[in-house]
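J.: Next comes the structure file upload_37.cif, holding mmCIF, C-alpha atoms, pLDDT in the B column; chains and numbers go by the auth columns.
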```
data_protein
#
loop_
_atom_site.group_PDB
_atom_site.id
_atom_site.type_symbol
_atom_site.label_atom_id
_atom_site.label_comp_id
_atom_site.label_asym_id
_atom_site.label_seq_id
_atom_site.Cartn_x
_atom_site.Cartn_y
_atom_site.Cartn_z
_atom_site.B_iso_or_equiv
_atom_site.auth_seq_id
_atom_site.auth_asym_id
ATOM 1 C CA MET A 1 99.037 209.397 125.420 57.00 1 A
ATOM 2 C CA GLY A 2 99.401 212.255 122.978 62.00 2 A
ATOM 3 C CA SER A 3 100.805 215.701 123.403 63.00 3 A
ATOM 4 C CA MET A 4 100.042 218.617 121.161 64.00 4 A
ATOM 5 C CA MET A 5 102.263 221.543 120.512 62.00 5 A
ATOM 6 C CA LYS A 6 102.510 224.697 118.564 57.00 6 A
ATOM 7 C CA SER A 7 105.891 226.042 117.572 49.00 7 A
ATOM 8 C CA GLU A 8 106.948 229.361 119.025 49.00 8 A
ATOM 9 C CA HIS A 9 109.830 231.537 118.012 43.00 9 A
ATOM 10 C CA GLU A 10 111.695 231.627 121.312 47.00 10 A
ATOM 11 C CA THR A 11 111.041 228.234 122.865 61.00 11 A
ATOM 12 C CA ARG A 12 110.237 226.429 119.619 77.00 12 A
ATOM 13 C CA PHE A 13 107.370 224.499 121.213 81.00 13 A
ATOM 14 C CA LYS A 14 104.481 225.280 123.482 85.00 14 A
ATOM 15 C CA LEU A 15 102.524 222.411 124.968 85.00 15 A
ATOM 16 C CA VAL A 16 98.861 223.135 124.335 84.00 16 A
ATOM 17 C CA ALA A 17 97.177 219.873 125.335 90.00 17 A
ATOM 18 C CA THR A 18 97.743 216.345 126.589 90.00 18 A
ATOM 19 C CA ALA A 19 95.358 213.478 125.901 92.00 19 A
ATOM 20 C CA ALA A 20 95.017 210.288 127.923 88.00 20 A
ATOM 21 C CA ASN A 21 93.577 208.252 125.070 91.00 21 A
ATOM 22 C CA GLY A 22 92.929 208.312 121.336 92.00 22 A
ATOM 23 C CA GLU A 23 89.392 209.692 121.500 94.00 23 A
ATOM 24 C CA GLU A 24 90.518 212.559 123.691 94.00 24 A
ATOM 25 C CA ALA A 25 93.433 213.211 121.330 94.00 25 A
ATOM 26 C CA LEU A 26 91.050 213.679 118.418 95.00 26 A
ATOM 27 C CA THR A 27 88.791 215.994 120.404 95.00 27 A
ATOM 28 C CA LEU A 28 91.672 218.116 121.633 95.00 28 A
ATOM 29 C CA PHE A 29 93.194 218.230 118.164 95.00 29 A
ATOM 30 C CA MET A 30 90.011 219.696 116.737 95.00 30 A
ATOM 31 C CA GLU A 31 89.946 222.265 119.529 95.00 31 A
ATOM 32 C CA HIS A 32 93.566 223.392 119.434 94.00 32 A
ATOM 33 C CA ARG A 33 94.693 222.565 115.890 94.00 33 A
ATOM 34 C CA PRO A 34 98.345 222.066 116.904 94.00 34 A
ATOM 35 C CA GLU A 35 101.141 221.900 114.377 92.00 35 A
ATOM 36 C CA VAL A 36 102.926 219.025 116.085 95.00 36 A
ATOM 37 C CA VAL A 37 101.572 215.947 117.839 96.00 37 A
ATOM 38 C CA THR A 38 103.496 213.317 119.779 96.00 38 A
ATOM 39 C CA MET A 39 101.554 210.067 119.719 96.00 39 A
ATOM 40 C CA ASP A 40 101.868 206.854 121.666 95.00 40 A
ATOM 41 C CA ILE A 41 100.689 203.662 119.990 96.00 41 A
ATOM 42 C CA THR A 42 99.391 201.680 122.961 95.00 42 A
ATOM 43 C CA MET A 43 96.412 203.702 124.169 92.00 43 A
ATOM 44 C CA PRO A 44 92.927 202.894 125.440 88.00 44 A
ATOM 45 C CA ASN A 45 89.866 203.373 123.212 87.00 45 A
ATOM 46 C CA ILE A 46 91.452 204.278 119.879 92.00 46 A
ATOM 47 C CA ASP A 47 95.068 203.179 119.443 93.00 47 A
ATOM 48 C CA GLY A 48 97.797 205.373 118.048 95.00 48 A
ATOM 49 C CA ILE A 49 97.755 203.911 114.527 96.00 49 A
ATOM 50 C CA GLU A 50 94.054 204.642 114.066 96.00 50 A
ATOM 51 C CA CYS A 51 94.501 208.032 115.662 96.00 51 A
ATOM 52 C CA ILE A 52 97.271 208.940 113.233 97.00 52 A
ATOM 53 C CA GLU A 53 95.038 208.052 110.280 97.00 53 A
ATOM 54 C CA LYS A 54 92.211 210.211 111.577 97.00 54 A
ATOM 55 C CA LEU A 55 94.459 213.183 112.393 97.00 55 A
ATOM 56 C CA VAL A 56 96.095 213.150 108.984 97.00 56 A
ATOM 57 C CA ALA A 57 92.649 212.981 107.367 96.00 57 A
ATOM 58 C CA MET A 58 91.634 216.071 109.371 95.00 58 A
ATOM 59 C CA ALA A 59 94.840 217.977 108.806 96.00 59 A
ATOM 60 C CA PRO A 60 97.190 216.571 106.133 95.00 60 A
ATOM 61 C CA GLY A 61 99.988 218.921 107.127 93.00 61 A
ATOM 62 C CA VAL A 62 100.113 217.968 110.798 96.00 62 A
ATOM 63 C CA LYS A 63 103.487 216.708 111.928 96.00 63 A
ATOM 64 C CA ILE A 64 103.141 213.560 114.040 97.00 64 A
ATOM 65 C CA LEU A 65 106.009 212.076 116.007 97.00 65 A
ATOM 66 C CA VAL A 66 105.297 208.573 117.263 97.00 66 A
ATOM 67 C CA VAL A 67 106.619 207.986 120.775 96.00 67 A
ATOM 68 C CA SER A 68 106.311 204.321 121.582 96.00 68 A
ATOM 69 C CA ALA A 69 107.758 201.439 123.576 96.00 69 A
ATOM 70 C CA LEU A 70 106.976 199.166 120.611 96.00 70 A
ATOM 71 C CA ASN A 71 110.401 199.176 119.014 95.00 71 A
ATOM 72 C CA ASP A 72 109.868 196.577 116.306 95.00 72 A
ATOM 73 C CA LYS A 73 110.394 197.803 112.738 94.00 73 A
ATOM 74 C CA ALA A 74 106.950 196.729 111.560 95.00 74 A
ATOM 75 C CA THR A 75 105.177 199.026 114.032 96.00 75 A
ATOM 76 C CA GLY A 76 107.357 201.969 113.102 96.00 76 A
ATOM 77 C CA MET A 77 106.799 201.334 109.403 97.00 77 A
ATOM 78 C CA GLU A 78 103.043 201.069 109.875 97.00 78 A
ATOM 79 C CA ALA A 79 102.968 204.374 111.717 97.00 79 A
ATOM 80 C CA LEU A 80 104.920 206.073 108.951 97.00 80 A
ATOM 81 C CA GLU A 81 102.707 204.526 106.277 97.00 81 A
ATOM 82 C CA ARG A 82 99.632 205.916 108.075 97.00 82 A
ATOM 83 C CA GLY A 83 101.073 209.415 108.039 97.00 83 A
ATOM 84 C CA ALA A 84 103.415 209.857 110.984 97.00 84 A
ATOM 85 C CA MET A 85 106.573 211.771 110.112 97.00 85 A
ATOM 86 C CA GLY A 86 108.908 210.337 112.712 96.00 86 A
ATOM 87 C CA VAL A 87 109.285 207.599 115.298 97.00 87 A
ATOM 88 C CA ILE A 88 111.197 207.636 118.568 96.00 88 A
ATOM 89 C CA ASN A 89 111.228 204.626 120.856 96.00 89 A
ATOM 90 C CA LYS A 90 111.044 204.603 124.630 95.00 90 A
ATOM 91 C CA PRO A 91 113.148 204.900 126.649 94.00 91 A
ATOM 92 C CA PHE A 92 114.581 208.197 125.518 92.00 92 A
ATOM 93 C CA THR A 93 116.247 211.179 127.137 89.00 93 A
ATOM 94 C CA GLU A 94 115.074 214.769 127.004 86.00 94 A
ATOM 95 C CA ASP A 95 117.798 215.459 124.459 89.00 95 A
ATOM 96 C CA ASP A 96 116.538 212.581 122.296 92.00 96 A
ATOM 97 C CA ILE A 97 112.980 213.887 122.144 92.00 97 A
ATOM 98 C CA ASN A 98 114.092 217.488 121.587 90.00 98 A
ATOM 99 C CA GLN A 99 116.291 216.398 118.703 92.00 99 A
ATOM 100 C CA ALA A 100 113.488 214.351 117.170 94.00 100 A
ATOM 101 C CA LEU A 101 111.040 217.264 117.445 93.00 101 A
ATOM 102 C CA ASN A 102 113.509 219.707 115.953 92.00 102 A
ATOM 103 C CA ILE A 103 114.152 217.385 113.022 93.00 103 A
ATOM 104 C CA LEU A 104 110.389 217.140 112.515 92.00 104 A
ATOM 105 C CA ILE A 105 109.966 220.903 112.405 90.00 105 A
ATOM 106 C CA ASP A 106 113.018 221.606 110.316 87.00 106 A
ATOM 107 C CA ASP A 107 112.161 219.026 107.668 73.00 107 A
ATOM 108 C CA MET B 1 114.136 178.767 125.282 69.00 1 B
ATOM 109 C CA ILE B 2 112.897 180.662 128.304 86.00 2 B
ATOM 110 C CA GLU B 3 116.406 181.886 129.131 89.00 3 B
ATOM 111 C CA LYS B 4 116.599 183.771 125.841 91.00 4 B
ATOM 112 C CA LYS B 5 113.208 185.336 126.419 93.00 5 B
ATOM 113 C CA LEU B 6 114.144 186.403 129.937 95.00 6 B
ATOM 114 C CA GLN B 7 117.376 187.895 128.611 96.00 7 B
ATOM 115 C CA VAL B 8 115.284 190.137 126.357 96.00 8 B
ATOM 116 C CA PHE B 9 113.657 191.605 129.465 96.00 9 B
ATOM 117 C CA ILE B 10 116.930 191.803 131.372 96.00 10 B
ATOM 118 C CA ASP B 11 118.479 193.777 128.509 96.00 11 B
ATOM 119 C CA GLY B 12 115.422 196.001 128.508 96.00 12 B
ATOM 120 C CA ILE B 13 115.824 196.802 132.202 96.00 13 B
ATOM 121 C CA VAL B 14 119.444 197.834 131.696 97.00 14 B
ATOM 122 C CA ARG B 15 118.499 199.917 128.657 96.00 15 B
ATOM 123 C CA TYR B 16 115.691 201.654 130.561 96.00 16 B
ATOM 124 C CA PHE B 17 117.857 202.806 133.442 96.00 17 B
ATOM 125 C CA GLU B 18 120.630 203.883 131.071 94.00 18 B
ATOM 126 C CA HIS B 19 118.274 206.699 130.066 93.00 19 B
ATOM 127 C CA THR B 20 118.014 208.080 133.587 93.00 20 B
ATOM 128 C CA SER B 21 120.485 210.368 135.318 92.00 21 B
ATOM 129 C CA GLN B 22 121.626 207.392 137.417 93.00 22 B
ATOM 130 C CA PRO B 23 122.233 204.724 134.789 94.00 23 B
ATOM 131 C CA THR B 24 123.858 202.064 136.964 96.00 24 B
ATOM 132 C CA VAL B 25 121.473 199.209 137.701 97.00 25 B
ATOM 133 C CA ASN B 26 122.027 195.712 138.973 97.00 26 B
ATOM 134 C CA VAL B 27 119.822 193.012 137.491 97.00 27 B
ATOM 135 C CA GLY B 28 119.858 189.751 139.397 97.00 28 B
ATOM 136 C CA SER B 29 119.233 186.221 138.232 96.00 29 B
ATOM 137 C CA PRO B 30 115.610 185.330 137.492 96.00 30 B
ATOM 138 C CA TYR B 31 113.908 182.931 139.867 96.00 31 B
ATOM 139 C CA LEU B 32 110.510 181.292 140.090 95.00 32 B
ATOM 140 C CA ILE B 33 107.736 182.668 142.258 94.00 33 B
ATOM 141 C CA ARG B 34 104.146 181.619 142.791 90.00 34 B
ATOM 142 C CA ASN B 35 102.796 184.953 141.573 88.00 35 B
ATOM 143 C CA ILE B 36 103.655 188.661 141.685 90.00 36 B
ATOM 144 C CA GLU B 37 102.022 188.972 145.087 90.00 37 B
ATOM 145 C CA ASP B 38 105.076 187.195 146.516 92.00 38 B
ATOM 146 C CA VAL B 39 107.313 190.148 145.622 94.00 39 B
ATOM 147 C CA SER B 40 104.915 193.068 145.216 94.00 40 B
ATOM 148 C CA ALA B 41 105.945 196.452 146.558 96.00 41 B
ATOM 149 C CA ASP B 42 104.020 199.735 146.927 97.00 42 B
ATOM 150 C CA TYR B 43 103.089 200.054 143.243 97.00 43 B
ATOM 151 C CA THR B 44 102.721 197.465 140.496 96.00 44 B
ATOM 152 C CA GLY B 45 102.381 198.213 136.794 96.00 45 B
ATOM 153 C CA GLU B 46 100.762 195.383 134.872 95.00 46 B
ATOM 154 C CA ILE B 47 100.787 194.660 131.157 96.00 47 B
ATOM 155 C CA ALA B 48 98.711 191.805 129.719 95.00 48 B
ATOM 156 C CA ILE B 49 100.342 189.929 126.867 95.00 49 B
ATOM 157 C CA SER B 50 98.450 188.249 124.039 95.00 50 B
ATOM 158 C CA GLY B 51 98.880 187.138 120.451 95.00 51 B
ATOM 159 C CA ALA B 52 101.648 184.603 119.845 94.00 52 B
ATOM 160 C CA TYR B 53 102.276 184.612 123.614 94.00 53 B
ATOM 161 C CA GLU B 54 99.912 184.667 126.560 93.00 54 B
ATOM 162 C CA GLY B 55 100.881 186.086 129.901 93.00 55 B
ATOM 163 C CA ALA B 56 101.713 189.212 131.768 94.00 56 B
ATOM 164 C CA CYS B 57 104.536 191.522 132.664 95.00 57 B
ATOM 165 C CA TYR B 58 104.662 193.284 136.016 96.00 58 B
ATOM 166 C CA PHE B 59 106.954 196.011 137.314 97.00 59 B
ATOM 167 C CA THR B 60 106.646 196.383 141.053 97.00 60 B
ATOM 168 C CA ALA B 61 108.587 198.921 143.078 98.00 61 B
ATOM 169 C CA PRO B 62 108.545 200.751 146.424 98.00 62 B
ATOM 170 C CA SER B 63 107.512 204.397 146.621 97.00 63 B
ATOM 171 C CA VAL B 64 111.053 205.545 147.321 97.00 64 B
ATOM 172 C CA LEU B 65 112.405 204.033 144.114 98.00 65 B
ATOM 173 C CA VAL B 66 109.574 205.424 142.022 98.00 66 B
ATOM 174 C CA ARG B 67 110.020 208.879 143.532 97.00 67 B
ATOM 175 C CA HIS B 68 113.752 208.862 142.785 97.00 68 B
ATOM 176 C CA LEU B 69 113.077 207.546 139.302 96.00 69 B
ATOM 177 C CA ILE B 70 110.706 210.419 138.569 95.00 70 B
ATOM 178 C CA LEU B 71 113.297 212.932 139.752 94.00 71 B
ATOM 179 C CA SER B 72 116.060 211.239 137.759 93.00 72 B
ATOM 180 C CA LEU B 73 113.925 211.601 134.644 90.00 73 B
ATOM 181 C CA GLY B 74 113.849 215.349 135.172 88.00 74 B
ATOM 182 C CA GLU B 75 110.314 215.581 136.497 89.00 75 B
ATOM 183 C CA GLN B 76 109.404 217.334 139.750 92.00 76 B
ATOM 184 C CA ASP B 77 105.882 216.035 140.226 94.00 77 B
ATOM 185 C CA THR B 78 105.937 213.113 142.669 96.00 78 B
ATOM 186 C CA SER B 79 102.210 213.005 143.296 96.00 79 B
ATOM 187 C CA GLU B 80 100.353 209.713 143.655 95.00 80 B
ATOM 188 C CA GLU B 81 99.097 210.075 140.085 94.00 81 B
ATOM 189 C CA MET B 82 102.606 210.572 138.734 94.00 82 B
ATOM 190 C CA MET B 83 103.940 207.651 140.777 96.00 83 B
ATOM 191 C CA LYS B 84 101.299 205.355 139.288 96.00 84 B
ATOM 192 C CA ASP B 85 101.835 206.746 135.802 94.00 85 B
ATOM 193 C CA THR B 86 105.580 206.159 136.067 96.00 86 B
ATOM 194 C CA VAL B 87 105.215 202.562 137.197 97.00 87 B
ATOM 195 C CA GLY B 88 102.802 201.945 134.332 96.00 88 B
ATOM 196 C CA GLU B 89 105.233 203.551 131.911 96.00 89 B
ATOM 197 C CA VAL B 90 108.105 201.358 133.082 97.00 90 B
ATOM 198 C CA ALA B 91 105.988 198.220 132.624 97.00 91 B
ATOM 199 C CA ASN B 92 104.879 199.521 129.211 96.00 92 B
ATOM 200 C CA THR B 93 108.448 200.275 128.103 97.00 93 B
ATOM 201 C CA LEU B 94 109.931 196.983 129.269 97.00 94 B
ATOM 202 C CA SER B 95 107.205 194.883 127.674 96.00 95 B
ATOM 203 C CA GLY B 96 106.964 196.986 124.518 96.00 96 B
ATOM 204 C CA ASN B 97 110.693 196.795 123.934 96.00 97 B
ATOM 205 C CA ALA B 98 110.484 193.000 124.030 96.00 98 B
ATOM 206 C CA ARG B 99 108.580 193.112 120.781 94.00 99 B
ATOM 207 C CA LYS B 100 111.725 193.821 118.773 94.00 100 B
ATOM 208 C CA GLU B 101 113.050 190.360 119.664 94.00 101 B
ATOM 209 C CA LEU B 102 109.814 188.447 120.228 94.00 102 B
ATOM 210 C CA GLY B 103 108.028 189.730 117.121 93.00 103 B
ATOM 211 C CA GLN B 104 105.046 191.785 116.090 91.00 104 B
ATOM 212 C CA GLU B 105 102.654 189.137 117.389 93.00 105 B
ATOM 213 C CA PHE B 106 103.856 189.861 120.947 95.00 106 B
ATOM 214 C CA ILE B 107 100.869 192.080 121.708 95.00 107 B
ATOM 215 C CA ILE B 108 100.809 194.220 124.823 96.00 108 B
ATOM 216 C CA SER B 109 97.890 195.855 126.586 95.00 109 B
ATOM 217 C CA VAL B 110 97.497 199.326 127.977 95.00 110 B
ATOM 218 C CA PRO B 111 99.126 199.337 131.433 95.00 111 B
ATOM 219 C CA ARG B 112 97.103 198.910 134.612 95.00 112 B
ATOM 220 C CA VAL B 113 98.540 200.116 137.874 95.00 113 B
ATOM 221 C CA HIS B 114 97.830 198.721 141.324 94.00 114 B
ATOM 222 C CA ALA B 115 98.675 199.905 144.792 92.00 115 B
ATOM 223 C CA GLY B 116 100.513 196.820 145.986 89.00 116 B
ATOM 224 C CA ALA B 117 99.747 193.627 144.099 87.00 117 B
ATOM 225 C CA PRO B 118 97.011 193.005 141.512 86.00 118 B
ATOM 226 C CA SER B 119 93.960 191.203 142.842 78.00 119 B
ATOM 227 C CA ALA B 120 94.033 187.414 142.864 72.00 120 B
ATOM 228 C CA ALA B 121 91.392 187.328 140.116 68.00 121 B
ATOM 229 C CA ASP B 122 93.778 189.115 137.767 67.00 122 B
ATOM 230 C CA MET B 123 96.678 186.752 138.307 67.00 123 B
ATOM 231 C CA PRO B 124 97.738 184.150 135.751 61.00 124 B
ATOM 232 C CA SER B 125 96.521 180.945 137.281 60.00 125 B
ATOM 233 C CA LYS B 126 98.239 177.668 138.029 61.00 126 B
ATOM 234 C CA ASP B 127 101.680 178.201 136.533 75.00 127 B
ATOM 235 C CA ARG B 128 104.442 179.957 138.353 85.00 128 B
ATOM 236 C CA MET B 129 106.190 182.991 136.964 92.00 129 B
ATOM 237 C CA TYR B 130 109.678 184.428 136.866 96.00 130 B
ATOM 238 C CA ALA B 131 110.862 187.296 139.022 97.00 131 B
ATOM 239 C CA ILE B 132 113.821 189.380 137.861 97.00 132 B
ATOM 240 C CA PRO B 133 115.289 191.326 140.795 98.00 133 B
ATOM 241 C CA ILE B 134 116.405 194.876 140.153 98.00 134 B
ATOM 242 C CA THR B 135 118.587 197.052 142.371 98.00 135 B
ATOM 243 C CA TRP B 136 118.845 200.726 141.478 98.00 136 B
ATOM 244 C CA LYS B 137 120.443 203.288 143.794 95.00 137 B
ATOM 245 C CA SER B 138 120.249 200.694 146.598 95.00 138 B
ATOM 246 C CA TYR B 139 116.455 200.429 146.142 97.00 139 B
ATOM 247 C CA LYS B 140 114.917 197.141 145.080 98.00 140 B
ATOM 248 C CA ALA B 141 112.241 196.442 142.497 98.00 141 B
ATOM 249 C CA THR B 142 111.105 193.379 140.598 97.00 142 B
ATOM 250 C CA LEU B 143 110.076 192.631 137.057 97.00 143 B
ATOM 251 C CA GLY B 144 107.653 189.711 136.995 95.00 144 B
ATOM 252 C CA ILE B 145 107.267 187.746 133.766 95.00 145 B
ATOM 253 C CA TYR B 146 104.676 185.096 132.979 93.00 146 B
ATOM 254 C CA LEU B 147 104.767 183.847 129.373 92.00 147 B
ATOM 255 C CA THR B 148 103.351 180.865 127.587 91.00 148 B
ATOM 256 C CA GLN B 149 103.568 180.295 123.864 84.00 149 B
#
```
Could you spell out this file's structure in structure tokens?
T.:
Amino acid sequence: MGSMMKSEHETRFKLVATAANGEEALTLFMEHRPEVVTMDITMPNIDGIECIEKLVAMAPGVKILVVSALNDKATGMEALERGAMGVINKPFTEDDINQALNILIDD
Amino acid sequence: MIEKKLQVFIDGIVRYFEHTSQPTVNVGSPYLIRNIEDVSADYTGEIAISGAYEGACYFTAPSVLVRHLILSLGEQDTSEEMMKDTVGEVANTLSGNARKELGQEFIISVPRVHAGAPSAADMPSKDRMYAIPITWKSYKATLGIYLTQ
């Protein structure tokens, strides 16, 4: 699934939408125009790789963090080549994801 | 060898629970079962495997374990939907993590979740599969693995 966030001064992130699949992610992205997206790779309908390509085409500046159980290097590299800006593999702790998101924003 | 492949999943189980607030988990020795129905609990997450391998990965656990797992991950929602989502996520994580060792052609599906066991029509036929017993916080779950290459 994908989660979409906008950065806020106090809390840094506000969750604006959650999508259950790639098609929904694209629809919600167009509606909310978030600054940050967390994206799974294994999703029904459109997978995360295709979704990343389409999001970056819509909004080249969007910051996409891939969140995936697929921890092989090739998948991570493909996601980055398609326009993702970071990859974090499941399982992760809350601290892990917060750190990854902060690095994404601060970059 | 099958032992090496099973070890990939055993390592994945340990790694998964290390990321919860109760990281201690006991993973028992794998053994053969007829199919996941033999060991299925209240919820079963199923991942189909294709590509260089054919098969399936199942995570089956009782409600009490899933509920405690959700809470240990910092979530408060223990609704039926969250229980099913969590079981699917565990199956997804354990099978997805296997790709690092088994290669990019170890292709996993989107998880399906069943109350109890999957239907007989969805089971890998003929061959038996391996069950990896898991004990976490005194609750028992099973990871079922069926792989052919």
J.: Name the residues captured by the PyMOL selection byres ((chain A and resi 54) around 12) when it is applied to the shown file; answer as a list in words.
T.: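 So the PyMOL selection byres ((chain A and resi 54) around 12) ends up selecting Gly22, Glu23, Ala25, Leu26, Thr27, Phe29, Met30, Ile46, Asp47, Gly48, Ile49, Glu50, Cys51, Ile52, Glu53, Leu55, Val56, Ala57, Met58, Ala59, Pro60, Val62, Ile64, Arg82, Gly83 and Ala84 of chain A.
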J.: Closest to Pro23 (chain B) among A:Ala74, A:Ala19, A:Met43, A:Thr93, using all atoms listed in the file?
T.: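 Nearest to Pro23 (chain B): A:Thr93.
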J.: Name the residues that the PyMOL selection byres ((chain B) within 7 of (chain A)) picks from the file above, as a PyMOL selection string, using the file's chain letters and numbers.
T.: chain B and resi 16+19+92-93+96-97+99-100+104+110
J.: Which polymer residues, whether protein, DNA or RNA, lie within 7 Å of the coordinate (107.3, 203.2, 139.0) when you count all atoms listed in the file? List them as a ChimeraX atom specification, using the chain letters and numbers from the file.
T.: /B:43,61,66,83-84,86-88,90
J.: Check which residues satisfy the PyMOL selection byres ((chain B and resi 141) around 12) in the file shown, then give them as a PyMOL selection string.
T.: chain B and resi 13+25-28+36+39-45+58-66+69+87+90-91+131-140+142-144
J.: Between CA of Leu65 (chain A) and CA of Val37 (chain A), what is the distance, to one decimal in Å?
T.: 6.2 Å
J.: Have a look at CA of Lys63 (chain A) and CA of His32 (chain A) and let me know their distance in Å, one decimal.
T.: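 That distance, rounded to one decimal, is 14.1 Å.
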